[in-house]
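Shown next: model-v7.txt, given as compact mmCIF, C-alpha atoms and all ligand atoms.
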# COMPACT_ATOMS: atom_id res chain seq x y z
CA MET W 1 -5.83 -28.56 0.29
CA ASP W 2 -3.84 -25.45 1.10
CA PHE W 3 -5.59 -22.05 0.85
CA LYS W 4 -3.11 -21.18 -1.86
CA ASP W 5 -4.32 -24.00 -4.10
CA LYS W 6 -7.85 -22.59 -4.02
CA ILE W 7 -6.75 -19.30 -5.58
CA ASP W 8 -7.56 -18.81 -9.25
CA ILE W 9 -4.20 -17.69 -10.56
CA ASN W 10 -5.88 -16.25 -13.68
CA ASN W 11 -7.98 -13.86 -11.63
CA LEU W 12 -5.42 -12.36 -9.28
CA PRO W 13 -5.77 -8.77 -8.12
CA GLN W 14 -2.88 -7.11 -9.92
CA HIS W 15 -2.59 -4.49 -7.18
CA ILE W 16 -3.25 -5.11 -3.48
CA ALA W 17 -3.08 -2.23 -1.01
CA VAL W 18 -2.89 -2.81 2.73
CA ILE W 19 -3.67 -0.62 5.74
CA MET W 20 -1.53 -2.39 8.33
CA ASP W 21 -3.29 -1.72 11.61
CA GLY W 22 -3.30 -3.10 15.13
CA ASN W 23 0.40 -3.14 16.05
CA GLY W 24 -0.15 -1.13 19.23
CA ARG W 25 -3.10 -3.22 20.42
CA TRP W 26 -1.21 -6.45 19.67
CA ALA W 27 1.69 -5.31 21.86
CA LYS W 28 -0.60 -4.08 24.64
CA LYS W 29 -2.42 -7.41 24.72
CA LYS W 30 0.94 -9.03 25.38
CA GLY W 31 1.78 -6.47 28.09
CA ASN W 32 4.44 -4.82 25.94
CA GLN W 33 5.29 -1.38 24.58
CA ARG W 34 3.73 -0.33 21.26
CA ILE W 35 7.07 -0.54 19.44
CA PHE W 36 7.14 -4.27 20.19
CA GLY W 37 4.05 -4.47 17.99
CA HIS W 38 5.75 -2.52 15.19
CA LYS W 39 8.80 -4.80 15.38
CA ASN W 40 6.58 -7.85 15.03
CA GLY W 41 4.72 -6.04 12.26
CA VAL W 42 7.90 -6.36 10.20
CA LYS W 43 7.50 -10.18 10.28
CA ALA W 44 4.02 -9.76 8.84
CA VAL W 45 5.40 -7.42 6.16
CA ARG W 46 8.01 -10.01 5.20
CA ASP W 47 5.56 -12.90 4.95
CA THR W 48 2.99 -10.83 3.03
CA VAL W 49 5.59 -9.57 0.55
CA GLU W 50 6.88 -13.11 0.00
CA GLY W 51 3.36 -14.52 -0.36
CA ALA W 52 2.33 -11.84 -2.84
CA ALA W 53 5.53 -12.19 -4.88
CA GLU W 54 5.24 -15.97 -5.00
CA LEU W 55 1.65 -15.79 -6.29
CA GLY W 56 2.56 -13.34 -9.02
CA VAL W 57 0.79 -10.23 -7.70
CA LYS W 58 2.22 -7.25 -9.60
CA TYR W 59 1.86 -4.43 -7.03
CA LEU W 60 1.64 -4.44 -3.25
CA THR W 61 1.23 -1.09 -1.51
CA LEU W 62 1.74 -0.91 2.27
CA TYR W 63 0.63 2.07 4.35
CA ALA W 64 3.69 2.27 6.61
CA PHE W 65 3.62 5.86 7.90
CA SER W 66 0.96 8.51 7.37
CA THR W 67 1.32 12.28 7.44
CA GLU W 68 -0.80 12.16 10.62
CA ASN W 69 1.53 9.64 12.31
CA TRP W 70 3.95 12.51 13.11
CA ASN W 71 1.46 13.42 15.84
CA ARG W 72 2.30 10.26 17.80
CA PRO W 73 4.63 10.49 20.82
CA LYS W 74 8.16 11.39 19.67
CA GLN W 75 9.56 8.18 21.15
CA GLU W 76 7.25 6.08 18.94
CA VAL W 77 7.96 8.14 15.81
CA ASP W 78 11.73 7.85 16.38
CA ALA W 79 11.43 4.12 16.98
CA LEU W 80 9.39 3.69 13.77
CA MET W 81 12.00 5.59 11.75
CA SER W 82 14.84 3.47 13.21
CA LEU W 83 12.84 0.34 12.47
CA LEU W 84 12.37 1.45 8.88
CA ILE W 85 16.11 1.94 8.38
CA ALA W 86 16.93 -1.36 10.08
CA THR W 87 14.36 -3.16 7.91
CA ILE W 88 15.56 -1.55 4.68
CA ASN W 89 19.11 -2.62 5.53
CA SER W 90 18.26 -6.14 6.63
CA GLU W 91 15.90 -6.84 3.71
CA THR W 92 17.96 -5.35 0.86
CA ASP W 93 19.52 -8.66 -0.24
CA THR W 94 16.23 -10.56 -0.02
CA LEU W 95 14.41 -7.95 -2.10
CA ILE W 96 17.12 -8.01 -4.76
CA LYS W 97 17.29 -11.82 -4.77
CA ASN W 98 13.51 -12.08 -5.12
CA ASN W 99 13.37 -9.64 -8.05
CA VAL W 100 11.27 -7.15 -6.04
CA ARG W 101 11.23 -3.52 -7.19
CA LEU W 102 10.87 -0.96 -4.41
CA LEU W 103 8.81 2.18 -4.98
CA THR W 104 7.51 4.81 -2.58
CA ILE W 105 4.60 7.21 -2.44
CA GLY W 106 4.40 10.15 -0.05
CA ASP W 107 6.61 13.08 0.83
CA ILE W 108 9.91 11.19 1.05
CA ASP W 109 11.94 14.42 1.28
CA GLY W 110 10.05 15.18 4.49
CA LEU W 111 11.47 12.07 6.18
CA PRO W 112 14.69 12.18 8.23
CA LYS W 113 17.69 12.38 5.87
CA ASN W 114 19.08 8.96 6.80
CA VAL W 115 15.71 7.32 6.05
CA SER W 116 15.22 9.00 2.67
CA LYS W 117 18.85 8.30 1.71
CA ASN W 118 18.55 4.58 2.53
CA LEU W 119 15.25 4.37 0.71
CA ASN W 120 16.50 6.11 -2.41
CA GLU W 121 19.53 3.82 -2.54
CA LEU W 122 17.32 0.73 -2.37
CA ILE W 123 14.96 2.19 -4.99
CA ASP W 124 17.95 2.61 -7.34
CA GLN W 125 19.30 -0.85 -6.58
CA THR W 126 15.98 -2.54 -7.37
CA ALA W 127 14.87 -0.28 -10.23
CA LYS W 128 15.43 -2.90 -12.92
CA ASN W 129 13.72 -5.75 -11.08
CA THR W 130 10.72 -7.16 -12.91
CA GLY W 131 8.85 -9.11 -10.21
CA LEU W 132 6.59 -7.66 -7.54
CA SER W 133 6.58 -3.87 -7.19
CA LEU W 134 6.51 -3.16 -3.47
CA VAL W 135 5.17 0.35 -2.89
CA LEU W 136 5.79 1.81 0.56
CA ALA W 137 3.47 4.67 1.51
CA LEU W 138 5.62 6.82 3.78
CA ASN W 139 4.83 10.28 5.06
CA TYR W 140 1.78 9.80 2.87
CA SER W 141 -1.81 10.95 3.03
CA ALA W 142 -4.31 11.02 0.20
CA ARG W 143 -5.43 14.60 0.83
CA TRP W 144 -1.79 15.75 0.81
CA GLU W 145 -1.30 13.90 -2.48
CA ILE W 146 -4.37 15.49 -4.10
CA VAL W 147 -3.52 19.01 -2.91
CA ASN W 148 0.04 18.47 -4.12
CA ALA W 149 -1.29 17.45 -7.54
CA VAL W 150 -3.35 20.66 -7.75
CA LYS W 151 -0.27 22.74 -6.85
CA GLU W 152 1.76 21.02 -9.57
CA ILE W 153 -0.96 21.58 -12.16
CA ILE W 154 -1.15 25.29 -11.30
CA ALA W 155 2.64 25.62 -11.46
CA GLU W 156 2.69 23.91 -14.84
CA ASN W 157 -0.15 26.12 -16.08
CA GLU W 158 1.96 29.16 -15.22
CA ARG W 159 4.75 27.85 -17.44
CA THR W 160 2.55 26.57 -20.29
CA PRO W 161 -1.17 27.32 -20.13
CA ILE W 162 -3.29 24.16 -19.85
CA ASN W 163 -6.47 23.89 -21.88
CA VAL W 164 -9.29 23.32 -19.34
CA GLU W 165 -10.99 21.03 -21.88
CA ASN W 166 -8.04 18.65 -21.54
CA ILE W 167 -8.50 18.12 -17.81
CA ASP W 168 -10.02 14.70 -17.19
CA ASN W 169 -9.29 11.73 -14.89
CA GLU W 170 -6.37 10.58 -17.00
CA PHE W 171 -4.83 14.05 -17.00
CA PHE W 172 -5.20 14.44 -13.23
CA GLU W 173 -3.76 11.01 -12.41
CA LYS W 174 -0.46 12.00 -14.00
CA TYR W 175 0.09 14.40 -11.09
CA LEU W 176 -0.55 11.83 -8.38
CA ASN W 177 2.29 9.93 -6.68
CA THR W 178 0.82 6.75 -8.15
CA LYS W 179 1.23 7.75 -11.80
CA ASN W 180 2.17 4.59 -13.75
CA ILE W 181 0.79 2.38 -10.95
CA PRO W 182 -2.61 0.76 -11.64
CA ASP W 183 -5.40 1.41 -9.13
CA PRO W 184 -5.68 -1.18 -6.35
CA ASP W 185 -8.08 -4.00 -7.14
CA LEU W 186 -8.19 -5.04 -3.51
CA LEU W 187 -7.74 -2.99 -0.34
CA ILE W 188 -7.16 -4.89 2.91
CA ARG W 189 -7.42 -3.36 6.37
CA THR W 190 -6.48 -5.34 9.44
CA SER W 191 -7.50 -5.05 13.11
CA GLY W 192 -11.28 -4.81 12.73
CA GLU W 193 -11.41 -1.08 11.98
CA PHE W 194 -13.66 0.06 9.13
CA ARG W 195 -11.93 3.21 7.96
CA ILE W 196 -9.85 4.40 5.02
CA SER W 197 -7.70 6.78 7.12
CA ASN W 198 -6.65 9.12 4.32
CA PHE W 199 -5.20 6.32 2.16
CA LEU W 200 -5.34 6.32 -1.66
CA ILE W 201 -8.72 8.06 -1.71
CA TRP W 202 -8.64 8.78 -5.44
CA GLN W 203 -7.26 5.38 -6.44
CA ILE W 204 -9.70 3.15 -4.52
CA ALA W 205 -12.80 4.49 -6.28
CA TYR W 206 -13.55 0.97 -7.60
CA SER W 207 -11.39 -1.20 -5.33
CA GLU W 208 -12.87 -4.15 -3.49
CA LEU W 209 -12.59 -3.59 0.26
CA TYR W 210 -11.70 -6.40 2.67
CA PHE W 211 -11.65 -6.01 6.45
CA THR W 212 -10.25 -8.58 8.84
CA GLU W 213 -10.12 -8.78 12.64
CA VAL W 214 -6.53 -10.08 12.50
CA LEU W 215 -4.08 -7.63 14.09
CA TRP W 216 -1.25 -6.75 11.71
CA PRO W 217 1.61 -8.55 13.58
CA ASP W 218 -0.40 -11.79 13.30
CA PHE W 219 -1.12 -11.34 9.57
CA ARG W 220 0.51 -14.02 7.42
CA ARG W 221 0.34 -15.15 3.82
CA LYS W 222 -2.60 -17.45 4.61
CA ASP W 223 -4.56 -14.31 5.61
CA LEU W 224 -3.54 -12.74 2.31
CA TYR W 225 -4.77 -15.84 0.46
CA GLU W 226 -8.08 -15.65 2.33
CA ALA W 227 -8.52 -12.03 1.28
CA ILE W 228 -7.73 -12.91 -2.34
CA MET W 229 -10.20 -15.80 -2.28
CA ASP W 230 -12.87 -13.46 -0.95
CA TYR W 231 -12.01 -10.97 -3.72
CA GLN W 232 -12.38 -13.71 -6.32
CA GLN W 233 -15.99 -14.31 -5.20
CA ARG W 234 -16.94 -10.72 -5.96
CA GLU W 235 -18.47 -9.38 -9.14
CA ARG W 236 -16.84 -6.08 -10.09
CA ARG W 237 -19.35 -4.04 -12.06
CA PHE W 238 -17.68 -0.62 -12.36
CA GLY W 239 -21.13 1.00 -12.49
CA MET W 240 -22.50 -1.43 -15.07
CA ILE W 241 -25.08 -4.20 -14.57
CA SER W 242 -24.38 -7.87 -13.94
CA GLU W 243 -25.48 -9.03 -17.43
CA GLN W 244 -23.07 -6.64 -19.14
CA ILE W 245 -20.18 -8.01 -17.10
CA LYS W 246 -21.14 -11.62 -17.85
CA ASN W 247 -21.48 -10.93 -21.60
CA ASN W 248 -18.02 -9.35 -21.66
CA ASN W 249 -16.39 -12.44 -20.14
C1 LIG W 301 -0.53 0.75 12.61
O1 LIG W 301 -0.71 0.15 13.86
C2 LIG W 301 0.83 0.61 12.12
C3 LIG W 301 1.69 1.62 11.83
C4 LIG W 301 1.34 3.05 11.96
C5 LIG W 301 3.07 1.40 11.38
C6 LIG W 301 3.29 0.23 10.46
C7 LIG W 301 4.71 -0.15 10.52
C8 LIG W 301 5.19 -1.41 10.46
C9 LIG W 301 4.37 -2.59 10.23
C10 LIG W 301 6.65 -1.66 10.66
C11 LIG W 301 7.58 -1.18 9.60
C12 LIG W 301 7.08 -1.26 8.21
C13 LIG W 301 7.83 -1.54 7.13
C14 LIG W 301 7.21 -1.44 5.79
C15 LIG W 301 9.22 -1.93 7.22
P1 LIG W 301 -1.06 1.08 15.11
O2 LIG W 301 0.20 1.49 15.74
O3 LIG W 301 -1.94 2.20 14.66
O4 LIG W 301 -1.86 0.06 16.02
P2 LIG W 301 -3.08 0.37 16.99
O5 LIG W 301 -4.21 0.84 16.12
O6 LIG W 301 -3.37 -0.96 17.61
O7 LIG W 301 -2.62 1.40 17.95
Rewrite the structure of this file - the entire thing - as structure tokens.
Ligand code: FPP
Amino acid sequence: MDFKDKIDINNLPQHIAVIMDGNGRWAKKKGNQRIFGHKNGVKAVRDTVEGAAELGVKYLTLYAFSTENWNRPKQEVDALMSLLIATINSETDTLIKNNVRLLTIGDIDGLPKNVSKNLNELIDQTAKNTGLSLVLALNYSARWEIVNAVKEIIAENERTPINVENIDNEFFEKYLNTKNIPDPDLLIRTSGEFRISNFLIWQIAYSELYFTEVLWPDFRRKDLYEAIMDYQQRERRFGMISEQIKNNN
């Protein structure tokens, strides 16, 4: 029996977020430059997107470039940006054909013009698609997102005073990049690192965390299925006790 057949289709995580890590180490192990790892990381992206779409997962968020990644050597940053454009261009037809809707989170205006232009075009082209929503986190960090939300709230308050009593989680979430996107049910990190690295800090408050030793360029849909199967063994209590959860089901 295939891994896929063991997945309970009625208990899928509706949103899976992934910290794709290990590209550099994968390349180094093969005696290659880091960018070779990123290039092969695109194959893992493709297979994971296809696997998630085929299962019926609603949202897949990939951490593709963090605010902190600008601190990498210029040559690597430039290569990553070129790879992004090349991937957007080469995958456009497949995304459209597979009914995938592209979304982004992060400071997209802070990306090179040709990258943001290509991205925005693909976002428009796929806006009406109703299958998987593929969310690319680009020039993103969770602390940036939260500080940005506070700035927006203050700016709005200057236009129309906000009643402090009305500020609650729901109110605050409307100012995050992820407004209208449900919180991740499952967060996967590859490459054997146990860190969150400034990713979706607000949104993962109750996410199930899954860490795998697999380096990102080796990650394939079977690894995604394994993570989902592990998720399906968990009991999500959201601060309640086991009996309450069982009685609700
Ligand atoms: C982390 O590995 C990976 C990245 C910072 C970039 C991820 C980019 C891709 C997979 C390619 C393009 C993506 C899309 C969505 C088209 P690392 O470089 O930190 O690896 P290391 O920890 O082994 O050094």
Legend entry - Pick from W:Gly192, W:Trp26, W:Val150, W:Thr87, whichever lies nearest to W:Val45 using only C-alpha atoms: W:Thr87
Inset, instruction - For ligand LIG 301 (chain W), collect every residue having any atom at a distance of at most 6 Å from a ligand atom (counting all atoms listed in the file); output as a list in words. - result: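 Selection of residues at most 6 Å from ligand LIG 301 (chain W): Met20, Asp21, Gly22, Asn23, Gly24, Arg25, His38, Gly41, Val42, Ala64, Phe65, Leu84 and Thr87 of chain W.
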Please save C-alpha atoms of the selected residues as a PDB file, keeping the file's coordinate frame.
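Below you can see selection.pdb, which holds the result:
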ATOM      1  CA  MET W  20      -1.530  -2.390   8.330  1.00  0.00           C
ATOM      2  CA  ASP W  21      -3.290  -1.720  11.610  1.00  0.00           C
ATOM      3  CA  GLY W  22      -3.300  -3.100  15.130  1.00  0.00           C
ATOM      4  CA  ASN W  23       0.400  -3.140  16.050  1.00  0.00           C
ATOM      5  CA  GLY W  24      -0.150  -1.130  19.230  1.00  0.00           C
ATOM      6  CA  ARG W  25      -3.100  -3.220  20.420  1.00  0.00           C
ATOM      7  CA  HIS W  38       5.750  -2.520  15.190  1.00  0.00           C
ATOM      8  CA  GLY W  41       4.720  -6.040  12.260  1.00  0.00           C
ATOM      9  CA  VAL W  42       7.900  -6.360  10.200  1.00  0.00           C
ATOM     10  CA  ALA W  64       3.690   2.270   6.610  1.00  0.00           C
ATOM     11  CA  PHE W  65       3.620   5.860   7.900  1.00  0.00           C
ATOM     12  CA  LEU W  84      12.370   1.450   8.880  1.00  0.00           C
ATOM     13  CA  THR W  87      14.360  -3.160   7.910  1.00  0.00           C
TER      14      THR W  87
END
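Between atom CA of W:Asp185 and atom CA of W:Ile16 lies a distance of 6.2 Å.
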Legend entry - Counting only C-alpha atoms, the option among W:Thr212, W:Gln125, W:Ser116, W:Asn169 closest to W:Arg195: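 Checking each of W:Thr212, W:Gln125, W:Ser116, W:Asn169 against W:Arg195, counting only C-alpha atoms, the winner is W:Thr212.
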Inset, instruction - Could you please determine the separation between atom CA of W:Thr67 and atom CA of W:Ser141 in Å, to one decimal place? - result: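 That distance, rounded to one decimal, is 5.6 Å.
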Inset, instruction - Find the distance between atom CA of W:Glu54 and atom CA of W:Lys6 and write it in Å to one decimal. - result: 14.7 Å
Legend entry - Using all atoms listed in the file: which of W:Glu208, W:Phe172, W:Trp216, W:Ser133 has the shortest distance to W:Phe238: W:Glu208
How big is the axis-aligned box, and where does its centre sit, when it encloses all atoms of stretch 210-221 of chain W listed in the file and has 8 Å added on every side, reported in Å to one decimal as JSON?
{"center_x": -5.0, "center_y": -10.6, "center_z": 8.4, "size_x": 29.3, "size_y": 25.1, "size_z": 27.4}
Inset, instruction - Write out as a list of chain:residue names the residues lying within 10 Å of W:Ala142, counting only C-alpha atoms and excluding same-chain residues fewer than 4 positions away. - result: W:Ser66, W:Thr67, W:Gly106, W:Ile146, W:Val147, W:Asn148, W:Leu176, W:Asn177, W:Ile196, W:Ser197, W:Asn198, W:Phe199, W:Leu200, W:Ile201, W:Trp202, W:Gln203
Inset, instruction - Enumerate, as JSON, numbers by chain, the protein, DNA and RNA residues whose atoms approach (-3.3, -18.9, -5.9) to within 12 Å, taking into account all atoms listed in the file and the coordinate frame of the file. - result: {"W": [1, 2, 3, 4, 5, 6, 7, 8, 9, 10, 11, 12, 13, 51, 52, 53, 54, 55, 56, 57, 221, 222, 224, 225, 226, 227, 228, 229, 231, 232]}
Inset, instruction - In the coordinate frame of the file, compute which residues have an atom within 7 Å of (9.5, 5.1, 0.2) when using only C-alpha atoms, and state them as a list of chain:residue names. - result: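 Within 7 Å of (9.5, 5.1, 0.2), the protein and nucleic acid residues are W:Leu103, W:Thr104, W:Ile105, W:Ile108, W:Leu119, W:Leu136, W:Ala137, W:Leu138.
All residues of protein, DNA or RNA that reach within 10 Å of W:Lys128, judged by only C-alpha atoms and not counting those fewer than 4 positions away in the chain, are Ile96, Asn99, Val100, Arg101, Leu102, Ile123 and Asp124 of chain W.
Shortest separation to W:Asn180 among W:Asn247, W:Arg159, W:Ile154, W:Tyr59 occurs at residue W:Tyr59, atoms counted being all atoms listed in the file.
Distance check against W:Gly37 using all atoms listed in the file: of W:Ile181, W:Ala79, W:Arg72, W:Ile153, the minimum falls on W:Ala79.
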Inset, instruction - Measuring atom to atom with all atoms listed in the file, identify which of W:Asn139, W:Gln233, W:Pro184, W:Phe211 is nearest to W:Asn71. - result: W:Asn139
